[in-house]
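Listing of entry06.txt; format and content: compact mmCIF, C-alpha atoms.
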```
# COMPACT_ATOMS: atom_id res chain seq x y z
CA MET A 12 6.84 49.28 46.91
CA MET A 13 5.33 47.87 43.71
CA ASN A 14 6.79 44.79 42.08
CA LYS A 15 8.59 45.36 38.81
CA GLU A 16 6.73 44.05 35.77
CA ILE A 17 8.90 42.37 33.14
CA LYS A 18 7.66 41.49 29.68
CA ILE A 19 9.42 38.21 28.93
CA PRO A 20 10.23 36.80 25.49
CA ILE A 21 7.70 34.26 24.34
CA SER A 22 10.19 31.38 24.69
CA PHE A 23 9.42 29.13 27.64
CA LEU A 24 10.62 29.97 31.14
CA ARG A 25 11.76 27.62 33.91
CA ILE A 26 11.72 29.08 37.43
CA SER A 27 13.20 27.48 40.56
CA ASP A 28 12.09 28.53 44.06
CA PRO A 29 14.19 26.74 46.73
CA SER A 30 12.02 28.09 49.55
CA ARG A 31 9.02 26.16 48.17
CA SER A 32 10.90 23.21 46.59
CA GLU A 33 9.26 24.21 43.35
CA ILE A 34 10.46 23.93 39.77
CA ALA A 35 7.84 25.28 37.41
CA ILE A 36 7.85 25.56 33.63
CA TYR A 37 5.85 28.30 31.93
CA GLU A 38 4.62 28.72 28.36
CA GLN A 39 2.78 31.76 27.14
CA CYS A 40 -0.78 31.19 25.90
CA SER A 41 -3.36 33.40 24.18
CA LYS A 42 -7.01 32.81 23.35
CA LEU A 43 -9.67 34.86 21.60
CA ASN A 44 -12.79 34.73 23.76
CA GLY A 45 -15.53 36.30 21.68
CA SER A 46 -13.97 39.61 20.68
CA ILE A 47 -11.54 39.83 23.61
CA TRP A 48 -8.07 38.32 23.75
CA GLU A 49 -7.00 36.57 26.95
CA HIS A 50 -3.22 36.42 27.45
CA GLY A 51 -1.44 34.48 30.14
CA PHE A 52 0.80 31.51 30.90
CA LEU A 53 0.46 27.79 31.36
CA ARG A 54 2.20 26.80 34.58
CA TYR A 55 3.53 23.23 34.79
CA ASP A 56 4.85 22.26 38.23
CA GLU A 57 7.57 19.61 38.04
CA ALA A 58 7.78 19.19 41.82
CA GLU A 59 4.16 18.10 42.43
CA VAL A 60 2.59 14.97 40.99
CA ASP A 61 -1.15 14.44 40.66
CA GLU A 62 -3.05 11.16 41.16
CA TRP A 63 -2.38 10.12 37.53
CA GLY A 64 1.38 10.59 37.89
CA HIS A 65 1.55 13.83 35.90
CA PRO A 66 2.57 17.16 37.43
CA PRO A 67 -0.43 19.50 37.68
CA ILE A 68 -0.87 22.25 35.13
CA LYS A 69 -2.94 25.41 35.33
CA LYS A 70 -3.42 28.74 33.59
CA VAL A 71 -2.18 31.96 35.25
CA SER A 72 -2.28 35.59 34.12
CA GLU A 73 1.26 36.42 35.33
CA ILE A 74 4.33 34.86 36.91
CA GLN A 75 5.37 35.80 40.43
CA ASN A 76 9.12 35.27 40.63
CA CYS A 77 10.81 34.46 43.94
CA ASP A 78 12.82 37.71 43.77
CA GLY A 79 9.61 39.79 43.79
CA SER A 80 9.53 40.58 40.09
CA VAL A 81 6.42 39.90 38.02
CA TYR A 82 6.55 38.47 34.50
CA VAL A 83 3.73 39.43 32.14
CA PRO A 84 2.95 38.23 28.58
CA SER A 85 4.71 39.83 25.62
CA ASN A 86 4.38 40.02 21.82
CA ILE A 87 0.69 40.82 22.15
CA LYS A 88 0.37 42.61 18.79
CA LEU A 89 2.10 39.79 16.91
CA ILE A 90 -0.41 37.35 18.37
CA GLU A 91 -3.54 39.47 17.91
CA ASN A 92 -2.56 40.29 14.32
CA ARG A 93 -2.28 36.52 13.62
CA PHE A 94 1.39 36.63 12.68
CA LEU A 95 2.26 34.45 15.65
CA VAL A 96 0.20 31.35 16.50
CA ILE A 97 0.34 29.86 20.02
CA PRO A 98 -1.97 27.65 22.13
CA GLY A 99 -4.87 29.12 24.09
CA GLU A 100 -4.81 26.58 26.92
CA TRP A 101 -3.93 22.92 27.45
CA LYS A 102 -5.74 19.65 26.77
CA GLU A 103 -5.00 16.05 27.71
CA TYR A 104 -3.88 13.68 24.93
CA ASN A 105 -2.95 10.60 27.06
CA ASP A 106 -1.05 8.58 24.44
CA GLU A 107 1.64 9.87 22.06
CA THR A 108 0.70 7.37 19.35
CA PHE A 109 -2.89 8.57 19.38
CA LEU A 110 -1.63 12.17 19.27
CA PHE A 111 0.51 11.37 16.22
CA GLN A 112 -2.46 9.71 14.51
CA GLU A 113 -4.70 12.69 15.29
CA ILE A 114 -2.18 15.07 13.72
CA GLU A 115 -1.86 12.86 10.64
CA SER A 116 -5.65 12.64 10.28
CA PHE A 117 -5.90 16.43 10.58
CA TYR A 118 -3.50 16.87 7.66
CA ARG A 119 -5.37 14.29 5.58
CA ARG A 120 -8.61 16.23 6.03
CA TRP A 121 -7.22 19.60 4.99
CA VAL A 122 -4.32 19.18 2.52
CA LEU A 123 -3.66 17.04 -0.56
CA ILE A 124 -0.12 15.69 -0.79
CA ASP A 125 1.47 12.38 -1.75
CA GLU A 126 0.44 9.57 0.58
CA GLU A 127 3.95 8.98 1.95
CA TYR A 128 4.24 12.63 3.08
CA TYR A 129 1.48 12.57 5.72
CA PRO A 130 3.45 10.62 8.38
CA ALA A 131 6.52 12.78 7.67
CA ILE A 132 4.78 16.10 8.29
CA ALA A 133 3.02 14.69 11.37
CA SER A 134 6.35 13.67 12.92
CA TYR A 135 7.92 17.01 11.95
CA THR A 136 5.04 18.82 13.65
CA MET A 137 5.72 16.97 16.91
CA LEU A 138 9.44 17.71 16.53
CA THR A 139 8.78 21.47 16.39
CA TYR A 140 7.50 21.28 19.98
CA VAL A 141 10.69 19.71 21.35
CA TYR A 142 13.34 20.83 18.83
CA ASP A 143 15.31 22.68 21.53
CA LEU A 144 16.10 19.33 23.19
CA PHE A 145 18.28 18.45 20.18
CA SER A 146 21.49 19.92 18.76
CA THR A 147 20.26 19.95 15.13
CA VAL A 148 16.93 20.18 13.35
CA ALA A 149 16.11 19.54 9.69
CA TYR A 150 14.16 21.96 7.52
CA LEU A 151 11.00 20.85 5.75
CA ARG A 152 11.09 22.23 2.19
CA VAL A 153 7.97 22.18 -0.01
CA LEU A 154 9.02 22.28 -3.68
CA GLY A 155 6.65 22.91 -6.57
CA ASP A 156 5.39 25.29 -9.24
CA PHE A 157 2.49 27.75 -8.99
CA GLY A 158 -0.84 26.16 -8.15
CA THR A 159 0.55 22.99 -6.60
CA GLY A 160 -0.76 23.62 -3.07
CA LYS A 161 2.44 24.82 -1.38
CA SER A 162 0.80 27.79 0.33
CA ARG A 163 -2.14 25.67 1.50
CA LEU A 164 0.22 23.16 3.11
CA LEU A 165 2.14 25.94 4.88
CA GLU A 166 -1.09 27.52 6.08
CA VAL A 167 -2.36 24.24 7.54
CA MET A 168 0.98 23.31 9.12
CA SER A 169 1.45 26.77 10.63
CA SER A 170 -1.88 26.39 12.43
CA ILE A 171 -0.53 23.64 14.72
CA CYS A 172 3.29 23.81 14.74
CA TYR A 173 5.08 25.30 17.75
CA LYS A 174 4.96 29.11 17.87
CA SER A 175 4.44 29.52 14.14
CA MET A 176 5.81 32.71 12.56
CA LYS A 177 4.40 33.19 9.05
CA PHE A 178 6.38 35.20 6.48
CA GLY A 179 5.32 35.83 2.88
CA GLY A 180 7.55 36.93 0.02
CA SER A 181 8.22 40.40 1.52
CA LEU A 182 10.85 40.06 4.24
CA THR A 183 14.25 41.33 5.32
CA PRO A 184 17.12 39.39 6.92
CA ALA A 185 17.11 41.58 10.04
CA THR A 186 13.39 40.98 10.59
CA ILE A 187 13.85 37.23 10.31
CA PHE A 188 16.76 36.69 12.67
CA ARG A 189 15.48 39.18 15.26
CA LEU A 190 12.08 37.48 15.41
CA ILE A 191 13.66 34.01 15.58
CA ASP A 192 15.81 35.26 18.46
CA LYS A 193 12.79 36.79 20.22
CA ILE A 194 10.19 34.06 19.73
CA ARG A 195 12.20 30.85 19.18
CA GLY A 196 9.47 28.96 17.41
CA THR A 197 8.83 27.58 13.92
CA LEU A 198 9.61 29.81 10.94
CA PHE A 199 7.37 29.56 7.87
CA LEU A 200 8.69 31.08 4.63
CA ASP A 201 6.37 31.11 1.61
CA GLU A 202 7.60 32.03 -1.88
CA ALA A 203 11.18 31.77 -0.63
CA ASP A 204 12.89 31.87 -4.06
CA PHE A 205 15.11 34.71 -2.97
CA GLN A 206 18.69 35.47 -3.94
CA ASN A 207 19.76 37.10 -0.70
CA PRO A 208 23.06 35.96 0.84
CA ASP A 209 22.05 37.22 4.29
CA ILE A 210 18.87 35.13 4.33
CA ASN A 211 20.83 32.14 3.04
CA GLN A 212 23.27 32.63 5.91
CA ILE A 213 20.41 32.57 8.43
CA LEU A 214 19.11 29.33 6.94
CA CYS A 215 22.56 27.74 6.68
CA THR A 216 23.43 28.46 10.32
CA GLY A 217 19.98 28.03 11.86
CA TYR A 218 19.81 24.24 11.63
CA ARG A 219 22.41 23.81 14.40
CA LYS A 220 22.17 24.87 18.05
CA ASP A 221 24.74 27.30 19.48
CA ASN A 222 25.44 28.74 16.04
CA PRO A 223 24.21 32.36 16.33
CA ILE A 224 24.05 35.19 13.84
CA ILE A 225 26.55 37.94 14.80
CA ARG A 226 25.79 41.58 14.02
CA CYS A 227 27.20 44.90 15.26
CA ASN A 228 24.85 47.19 17.13
CA PRO A 229 24.54 50.33 14.93
CA LYS A 230 24.47 52.58 18.04
CA ASP A 231 27.68 51.52 19.77
CA PHE A 232 29.13 49.01 17.23
CA GLU A 233 29.29 46.33 19.90
CA PRO A 234 28.83 42.79 18.49
CA GLU A 235 25.51 41.12 19.28
CA ALA A 236 24.61 37.43 18.99
CA PHE A 237 21.17 36.45 17.69
CA TYR A 238 19.70 32.98 18.17
CA SER A 239 18.93 31.51 14.73
CA TYR A 240 18.29 27.86 15.62
CA GLY A 241 14.90 26.31 15.06
CA PRO A 242 12.57 24.36 12.75
CA LYS A 243 11.74 25.99 9.42
CA VAL A 244 9.14 25.12 6.78
CA ILE A 245 10.04 26.66 3.43
CA ALA A 246 8.09 26.77 0.15
CA THR A 247 10.04 27.33 -3.09
CA ARG A 248 9.53 26.86 -6.82
CA HIS A 249 13.18 25.95 -7.40
CA LYS A 250 15.92 24.19 -5.50
CA PHE A 251 18.47 26.24 -3.60
CA GLU A 252 21.65 27.03 -5.51
CA ASP A 253 23.68 26.48 -2.33
CA PRO A 254 24.34 22.72 -1.91
CA ALA A 255 24.91 23.19 1.83
CA LEU A 256 21.44 24.64 2.25
CA GLU A 257 19.94 21.88 0.10
CA SER A 258 21.52 19.28 2.38
CA ARG A 259 19.64 20.68 5.38
CA CYS A 260 16.22 20.04 3.81
CA LEU A 261 13.79 17.17 3.78
CA THR A 262 11.97 17.90 0.52
CA LEU A 263 8.30 17.33 -0.33
CA GLN A 264 7.65 17.55 -4.08
CA MET A 265 4.28 19.10 -4.98
CA TYR A 266 2.31 18.69 -8.22
CA ARG A 267 -0.78 20.28 -9.73
CA ARG A 268 -3.86 18.16 -9.08
CA ASP A 269 -7.58 18.62 -8.49
CA LEU A 270 -8.80 18.61 -4.90
CA PRO A 271 -11.07 15.63 -4.16
CA ASP A 272 -14.51 16.32 -2.74
CA ASN A 273 -13.49 15.24 0.77
CA ILE A 274 -10.93 18.09 1.11
CA PRO A 275 -12.54 21.55 1.51
CA ARG A 276 -11.30 24.25 -0.85
CA ILE A 277 -11.72 26.90 1.86
CA LEU A 278 -10.49 26.59 5.43
CA THR A 279 -13.61 26.86 7.57
CA GLU A 280 -14.32 27.49 11.24
CA ASN A 281 -14.15 23.72 11.77
CA PHE A 282 -10.52 23.89 10.63
CA SER A 283 -9.70 26.61 13.17
CA ASN A 284 -11.38 24.66 15.98
CA GLU A 285 -9.55 21.45 15.08
CA ALA A 286 -6.22 23.26 14.88
CA GLU A 287 -6.74 24.92 18.27
CA ASN A 288 -7.63 21.56 19.82
CA ILE A 289 -4.41 19.95 18.51
CA ARG A 290 -2.25 22.94 19.54
CA ASN A 291 -3.58 22.65 23.07
CA LYS A 292 -2.65 18.96 23.21
CA LEU A 293 0.77 19.55 21.70
CA ILE A 294 1.70 22.20 24.26
CA LEU A 295 1.04 19.68 27.05
CA TYR A 296 3.17 17.18 25.12
CA ARG A 297 5.97 19.77 25.05
CA LEU A 298 5.73 20.60 28.76
CA ARG A 299 5.93 16.92 29.68
CA LYS A 300 8.91 16.32 27.40
CA ILE A 301 10.72 19.43 28.68
CA SER A 302 10.19 18.05 32.18
CA SER A 303 11.06 14.38 31.57
CA GLY A 304 13.40 14.67 28.57
CA ILE A 305 13.61 12.58 25.39
CA ASN A 306 15.57 9.40 24.83
CA VAL A 307 17.78 10.58 21.96
CA ARG A 308 19.02 7.64 19.91
CA ASN A 309 22.79 7.47 19.54
CA HIS A 310 23.18 4.84 16.81
CA SER A 311 23.15 5.89 13.18
CA ILE A 312 20.51 4.88 10.65
CA ALA A 313 21.97 2.40 8.16
CA GLY A 314 22.20 3.51 4.55
CA LEU A 315 22.25 7.25 5.30
CA SER A 316 25.11 9.74 5.27
CA ASN A 317 26.35 11.47 8.43
CA ARG A 318 24.45 14.66 7.52
CA GLU A 319 21.24 12.73 6.84
CA ASN A 320 21.57 10.92 10.16
CA GLU A 321 22.14 14.23 11.88
CA LEU A 322 18.90 15.60 10.47
CA LEU A 323 16.66 12.53 10.75
CA ILE A 324 17.65 11.28 14.22
CA PRO A 325 15.64 14.00 16.06
CA MET A 326 12.48 13.05 14.12
CA VAL A 327 13.07 9.36 14.83
CA SER A 328 13.78 10.06 18.52
CA VAL A 329 10.48 11.89 18.85
CA PHE A 330 8.47 9.10 17.22
CA PRO A 331 10.54 5.90 16.69
CA ASP A 332 7.82 4.16 14.63
CA ILE A 333 8.52 6.60 11.78
CA GLU A 334 12.14 5.51 11.18
CA GLN A 335 11.71 3.13 8.24
CA HIS A 336 9.18 5.42 6.63
CA LEU A 337 11.57 8.39 6.74
CA VAL A 338 14.45 6.31 5.40
CA THR A 339 12.29 5.15 2.48
CA LEU A 340 11.20 8.73 1.83
CA LEU A 341 14.79 9.98 1.85
CA LEU A 342 15.99 7.21 -0.46
CA HIS A 343 13.13 8.06 -2.85
CA GLN A 344 14.29 11.67 -2.72
CA HIS A 345 17.80 10.47 -3.63
CA ASN A 346 16.46 8.51 -6.60
CA GLN A 347 14.52 11.52 -7.86
CA GLU A 348 17.60 13.72 -7.57
CA ARG A 349 19.65 11.10 -9.37
CA LEU A 350 17.04 10.92 -12.17
CA GLU A 351 17.08 14.72 -12.51
CA ILE A 352 20.87 14.65 -12.81
CA VAL A 353 20.78 11.93 -15.47
CA LEU A 354 18.20 13.87 -17.50
CA SER A 355 19.88 17.28 -17.12
CA GLN A 356 21.52 19.24 -19.95
CA GLU A 357 24.88 18.68 -18.27
CA ALA A 358 24.32 14.91 -18.38
CA ILE A 359 23.36 15.02 -22.06
CA LEU A 360 26.51 16.98 -22.92
CA VAL A 361 28.71 14.61 -20.88
CA ARG A 362 27.23 11.70 -22.85
CA ALA A 363 28.03 13.54 -26.09
CA ILE A 364 31.63 13.99 -24.94
CA ARG A 365 31.93 10.29 -24.09
CA ASP A 366 30.47 9.33 -27.48
CA SER A 367 33.04 11.56 -29.23
CA ALA A 368 36.04 9.71 -27.77
CA SER A 369 36.89 8.04 -31.11
CA ILE A 370 37.51 11.31 -33.01
CA SER A 371 40.62 13.47 -32.78
CA ASP A 372 40.71 16.30 -30.25
CA THR A 373 40.68 19.12 -32.81
CA LEU A 374 37.45 17.77 -34.34
CA ARG A 375 35.72 17.78 -30.94
CA THR A 376 34.62 21.37 -31.40
CA MET A 377 31.76 23.21 -29.75
CA THR A 378 29.75 22.76 -32.96
CA GLU A 379 30.43 19.01 -33.06
CA LEU A 380 29.46 18.56 -29.40
CA ALA A 381 26.30 20.65 -29.90
CA THR A 382 25.30 18.45 -32.85
CA ARG A 383 25.88 15.22 -30.89
CA ALA A 384 24.05 16.56 -27.81
CA ASN A 385 21.06 17.65 -29.91
CA ASP A 386 20.90 14.19 -31.49
CA ILE A 387 20.74 12.59 -28.01
CA SER A 388 18.15 15.10 -26.80
CA GLN A 389 15.91 14.67 -29.85
CA ARG A 390 16.22 10.87 -29.88
CA GLU A 391 15.13 10.62 -26.21
CA GLY A 392 12.37 13.23 -26.44
CA HIS A 393 13.98 15.96 -24.28
CA GLU A 394 13.14 19.59 -24.91
CA VAL A 395 16.64 20.96 -24.26
CA ARG A 396 18.55 22.25 -27.32
CA PHE A 397 22.25 23.09 -27.65
CA THR A 398 24.22 25.74 -29.53
CA PRO A 399 28.04 26.02 -29.73
CA LYS A 400 27.87 29.03 -27.41
CA LYS A 401 25.74 27.12 -24.88
CA VAL A 402 28.13 24.14 -25.03
CA GLY A 403 31.09 26.39 -24.23
CA LYS A 404 29.24 27.90 -21.27
CA ILE A 405 28.34 24.48 -19.81
CA LEU A 406 31.90 23.22 -20.26
CA ARG A 407 33.21 26.17 -18.26
CA GLU A 408 30.63 25.52 -15.52
CA LEU A 409 31.78 21.88 -15.42
CA ASN A 410 35.40 23.04 -14.99
CA LEU A 411 36.53 21.56 -18.32
CA ASN A 412 39.32 23.33 -20.22
CA THR A 413 39.06 24.02 -23.96
CA SER A 414 41.77 24.81 -26.50
CA ARG A 415 41.73 26.82 -29.70
CA GLY A 416 42.48 25.18 -33.08
CA ARG A 417 42.02 25.74 -36.80
CA ASN A 418 38.34 24.74 -36.61
CA GLY A 419 37.59 26.80 -33.51
CA TYR A 420 37.57 25.92 -29.82
CA TYR A 421 37.72 22.20 -29.04
CA LEU A 422 37.78 19.92 -26.00
CA PRO A 423 41.00 17.90 -25.52
CA LEU A 424 40.46 14.63 -23.65
CA ALA A 425 43.89 13.90 -22.17
CA SER A 426 44.24 17.13 -20.19
CA ASN A 427 40.63 16.82 -18.92
CA GLN A 428 40.59 13.08 -18.26
CA GLU A 429 40.60 13.21 -14.45
CA ARG A 430 37.72 15.68 -14.38
CA LEU A 431 35.84 13.73 -17.07
CA ASN A 432 36.10 10.54 -15.04
CA GLN A 433 34.40 12.34 -12.15
CA LEU A 434 31.67 13.65 -14.46
CA TYR A 435 31.07 10.21 -15.95
CA GLU A 436 30.55 8.83 -12.43
CA ASP A 437 28.29 11.73 -11.38
CA PHE A 438 26.10 12.06 -14.47
CA LEU A 439 26.02 8.78 -16.34
CA PRO A 440 23.87 5.80 -15.22
```

Re-express the file's structure as structure tokens.
Amino acid sequence: MMNKEIKIPISFLRISDPSRSEIAIYEQCSKLNGSIWEHGFLRYDEAEVDEWGHPPIKKVSEIQNCDGSVYVPSNIKLIENRFLVIPGEWKEYNDETFLFQEIESFYRRWVLIDEEYYPAIASYTMLTYVYDLFSTVAYLRVLGDFGTGKSRLLEVMSSICYKSMKFGGSLTPATIFRLIDKIRGTLFLDEADFQNPDINQILCTGYRKDNPIIRCNPKDFEPEAFYSYGPKVIATRHKFEDPALESRCLTLQMYRRDLPDNIPRILTENFSNEAENIRNKLILYRLRKISSGINVRNHSIAGLSNRENELLIPMVSVFPDIEQHLVTLLLHQHNQERLEIVLSQEAILVRAIRDSASISDTLRTMTELATRANDISQREGHEVRFTPKKVGKILRELNLNTSRGRNGYYLPLASNQERLNQLYEDFLP
């Protein structure tokens, strides 16, 4: 009787065989040898220790389970069509600090970003290989206009992150959550300025473990749960409108700049070889961490909110030396957000309202506020301009109530004072 062949999902597999006192961990691997793809598994035996103290690892073409079934590689077309990127084999790295430095140097050779971002993306890359040992994982969001290098950064990162799945601007919610559930790797979304509530739901729920997407099977209407958890690298031109989704992101701001001579404009064969070499080291790093575990820090990082601690602690646990750097980066992000708020059209209008406190309510019309706001904008060199209609719209968005008088609609202070006090605190320096 022939053994039954089972195509397993590409997520890792741990198999216990009591008869042989064996606990082995498997990861699928694929390598292009000339023009022929070789698909198999890396087998990491936790029960046997070699002379260096590390369990032996070897490459096998299939997995013989103790119940007689045979596991064979899956997702072959996704791999051969370059949608899915996985290691081809394994390679020794010896020291985690040297591995971190090698990843950081790789990024410095191939992408141009602000200096403080290189350690952050190196630590995030290592996190993608062990994210499933944590209960939450932050998203890395690359923010910038056209021509700022967002796509280049995603292309380089996707070459070495864990089980990279690369989506462009054409995607559907069902495709995303089904592939996340099947592959359980790192999702890359380029040009992700979408207004799709279903995709937003996937992103909002996918930062936390045990928080699946629920859908009804169209054939029998039975509810199905889809795994949505995992690291995600997202490129957008604008911030997300949903504050909850924004709070799940560590943001890298990109700007237009000329590439220096030391960074190639085209990714060459040297790039592919370097990326493959690092992937092969990182998969061994993952297998060792899956086997031994990670010392997850339990104390919070001073100066950060509960949500920020929740998102940064996994990165710090993976590479503790990065803690102060990440805190500085996050505080800089806070300062930039605060500056954007202070310079926004809402902030200018709130200043105009505060400056109009000495006049009577009925004179604080939309026209009067537009005039005062335009004076502030012009005096400080801002490009934003106000009309009475625009002022009324912004007031409604700020949840301020207007009244109608002989001179038109006006803003009464007394009935809006509580809300205005909040706005003064939020918008004014």

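With only C-alpha atoms as the atoms that count, the minimum distance from Asn432 (chain A) to the choices A:Lys404, A:Arg299, A:Arg362, A:Arg390 is reached by A:Arg362.
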
Exercise: residues within 6 Å of coordinate (-3.8, 30.2, 19.2), counting all atoms listed in the file, as a list of chain:residue names: A:Ser41, A:Lys42, A:Val96, A:Ile97, A:Pro98, A:Gly99

Writer output for current selection, C-alpha atoms, as a JSON list (two decimals), in the frame of the given file:
```
[["chain", "number", "residue", "atom", "x", "y", "z"],
["A", 41, "SER", "CA", -3.36, 33.40, 24.18],
["A", 42, "LYS", "CA", -7.01, 32.81, 23.35],
["A", 96, "VAL", "CA", 0.20, 31.35, 16.50],
["A", 97, "ILE", "CA", 0.34, 29.86, 20.02],
["A", 98, "PRO", "CA", -1.97, 27.65, 22.13],
["A", 99, "GLY", "CA", -4.87, 29.12, 24.09]]
```

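From CA of Met265 (chain A) back to CA of Val153 (chain A), the distance works out to 6.9 Å.
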
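Distances here use only C-alpha atoms; by that measure, the residue among A:Phe94, A:Tyr37, A:Trp101, A:Tyr218 closest to Arg318 (chain A) is A:Tyr218.
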
Please identify all polymer residues lying at most 12 Å from the point (29.6, 21.6, -27.0) (file coordinates), using only C-alpha atoms, and present the result as number ranges by chain. A: 356-357, 359-365, 367, 374-385, 396-407, 409, 411-413, 419-422

Keeping C-alpha atoms, export the residues of the selection given above as an mmCIF file, keeping the file's coordinate frame.
```cif
data_model
loop_
_atom_site.group_PDB
_atom_site.id
_atom_site.type_symbol
_atom_site.label_atom_id
_atom_site.label_comp_id
_atom_site.auth_asym_id
_atom_site.auth_seq_id
_atom_site.Cartn_x
_atom_site.Cartn_y
_atom_site.Cartn_z
ATOM 1 C CA GLN A 356 21.520 19.240 -19.950
ATOM 2 C CA GLU A 357 24.880 18.680 -18.270
ATOM 3 C CA ILE A 359 23.360 15.020 -22.060
ATOM 4 C CA LEU A 360 26.510 16.980 -22.920
ATOM 5 C CA VAL A 361 28.710 14.610 -20.880
ATOM 6 C CA ARG A 362 27.230 11.700 -22.850
ATOM 7 C CA ALA A 363 28.030 13.540 -26.090
ATOM 8 C CA ILE A 364 31.630 13.990 -24.940
ATOM 9 C CA ARG A 365 31.930 10.290 -24.090
ATOM 10 C CA SER A 367 33.040 11.560 -29.230
ATOM 11 C CA LEU A 374 37.450 17.770 -34.340
ATOM 12 C CA ARG A 375 35.720 17.780 -30.940
ATOM 13 C CA THR A 376 34.620 21.370 -31.400
ATOM 14 C CA MET A 377 31.760 23.210 -29.750
ATOM 15 C CA THR A 378 29.750 22.760 -32.960
ATOM 16 C CA GLU A 379 30.430 19.010 -33.060
ATOM 17 C CA LEU A 380 29.460 18.560 -29.400
ATOM 18 C CA ALA A 381 26.300 20.650 -29.900
ATOM 19 C CA THR A 382 25.300 18.450 -32.850
ATOM 20 C CA ARG A 383 25.880 15.220 -30.890
ATOM 21 C CA ALA A 384 24.050 16.560 -27.810
ATOM 22 C CA ASN A 385 21.060 17.650 -29.910
ATOM 23 C CA ARG A 396 18.550 22.250 -27.320
ATOM 24 C CA PHE A 397 22.250 23.090 -27.650
ATOM 25 C CA THR A 398 24.220 25.740 -29.530
ATOM 26 C CA PRO A 399 28.040 26.020 -29.730
ATOM 27 C CA LYS A 400 27.870 29.030 -27.410
ATOM 28 C CA LYS A 401 25.740 27.120 -24.880
ATOM 29 C CA VAL A 402 28.130 24.140 -25.030
ATOM 30 C CA GLY A 403 31.090 26.390 -24.230
ATOM 31 C CA LYS A 404 29.240 27.900 -21.270
ATOM 32 C CA ILE A 405 28.340 24.480 -19.810
ATOM 33 C CA LEU A 406 31.900 23.220 -20.260
ATOM 34 C CA ARG A 407 33.210 26.170 -18.260
ATOM 35 C CA LEU A 409 31.780 21.880 -15.420
ATOM 36 C CA LEU A 411 36.530 21.560 -18.320
ATOM 37 C CA ASN A 412 39.320 23.330 -20.220
ATOM 38 C CA THR A 413 39.060 24.020 -23.960
ATOM 39 C CA GLY A 419 37.590 26.800 -33.510
ATOM 40 C CA TYR A 420 37.570 25.920 -29.820
ATOM 41 C CA TYR A 421 37.720 22.200 -29.040
ATOM 42 C CA LEU A 422 37.780 19.920 -26.000
#
```

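Separating CA of Arg54 (chain A) from CA of Leu89 (chain A) is a distance of 21.9 Å.
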
Surrounding residues of region 188-191 of chain A excluding itself and chain neighbours under 4 positions, 9 Å, all atoms listed in the file, as a list in words: Met176, Pro184, Arg195, Gly196, Thr197, Leu198, Ile210, Ile213, Ile224, Phe237, Tyr238, Ser239, Tyr240 and Gly241 of chain A

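For the pair CA of Leu261 (chain A) and CA of Lys174 (chain A), the interatomic distance is 20.5 Å.
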
Sorted by chain and rising residue number, list the residues of region 294-380 of chain A at most 12 Å from region 58-82 of chain A (counting all atoms listed in the file), each with its closest atom pair and distance in Å to one decimal, as JSON lines.
```
{"residue": "A:Ile294", "atom": "CA", "partner": "A:Ile68", "partner_atom": "CA", "distance": 11.2}
{"residue": "A:Leu295", "atom": "CA", "partner": "A:Ile68", "partner_atom": "CA", "distance": 8.7}
{"residue": "A:Tyr296", "atom": "CA", "partner": "A:His65", "partner_atom": "CA", "distance": 11.4}
{"residue": "A:Leu298", "atom": "CA", "partner": "A:Ile68", "partner_atom": "CA", "distance": 9.3}
{"residue": "A:Arg299", "atom": "CA", "partner": "A:His65", "partner_atom": "CA", "distance": 8.2}
{"residue": "A:Lys300", "atom": "CA", "partner": "A:His65", "partner_atom": "CA", "distance": 11.5}
{"residue": "A:Ser302", "atom": "CA", "partner": "A:Pro66", "partner_atom": "CA", "distance": 9.3}
{"residue": "A:Ser303", "atom": "CA", "partner": "A:His65", "partner_atom": "CA", "distance": 10.5}
```

Near Asn86 (chain A), counting all atoms listed in the file, which residues have an atom at most 12 Å away, once you skip same-chain residues fewer than 2 positions from it, shown as a PyMOL selection string? chain A and resi 18-22+39-41+50-51+83-84+88-97+174+176+190+193-194

Best match for closeness to Phe199 (chain A) among A:Thr247, A:Asn320, A:Asn211, A:Thr216, counting only C-alpha atoms: A:Thr247

Can you tell me, as a PyMOL selection string, what residues are no more than 8 Å from Lys292 (chain A) when counting all atoms listed in the file, ignoring any on the same chain fewer than 4 positions away? chain A and resi 101-104+110+288+296

Suppose we keep C-alpha atoms; can you now write the selection as a short mmCIF file (atom, residue, chain, number, x, y, z; two decimals), keeping the file's coordinate frame?
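Output (result30.cif):
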```
data_model
loop_
_atom_site.label_atom_id
_atom_site.label_comp_id
_atom_site.auth_asym_id
_atom_site.auth_seq_id
_atom_site.Cartn_x
_atom_site.Cartn_y
_atom_site.Cartn_z
CA TRP A 101 -3.93 22.92 27.45
CA LYS A 102 -5.74 19.65 26.77
CA GLU A 103 -5.00 16.05 27.71
CA TYR A 104 -3.88 13.68 24.93
CA LEU A 110 -1.63 12.17 19.27
CA ASN A 288 -7.63 21.56 19.82
CA TYR A 296 3.17 17.18 25.12
#
```

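With all atoms listed in the file as the basis for measurement, A:Ile114 is the residue among A:Ile277, A:Ile114, A:Ala425, A:Leu200 that approaches Ser134 (chain A) most closely.
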
Measuring atom to atom with only C-alpha atoms, identify which of A:Tyr135, A:Trp121, A:Trp48, A:Tyr55 is nearest to Met326 (chain A). A:Tyr135

Listed atoms of region 305-321 of chain A boxed along x, y and z, 4 Å each side, centre and edge lengths in Å, one decimal, as lines of an AutoDock Vina configuration file:
```
center_x = 20.0
center_y = 8.5
center_z = 15.0
size_x = 20.7
size_y = 20.3
size_z = 28.8
```
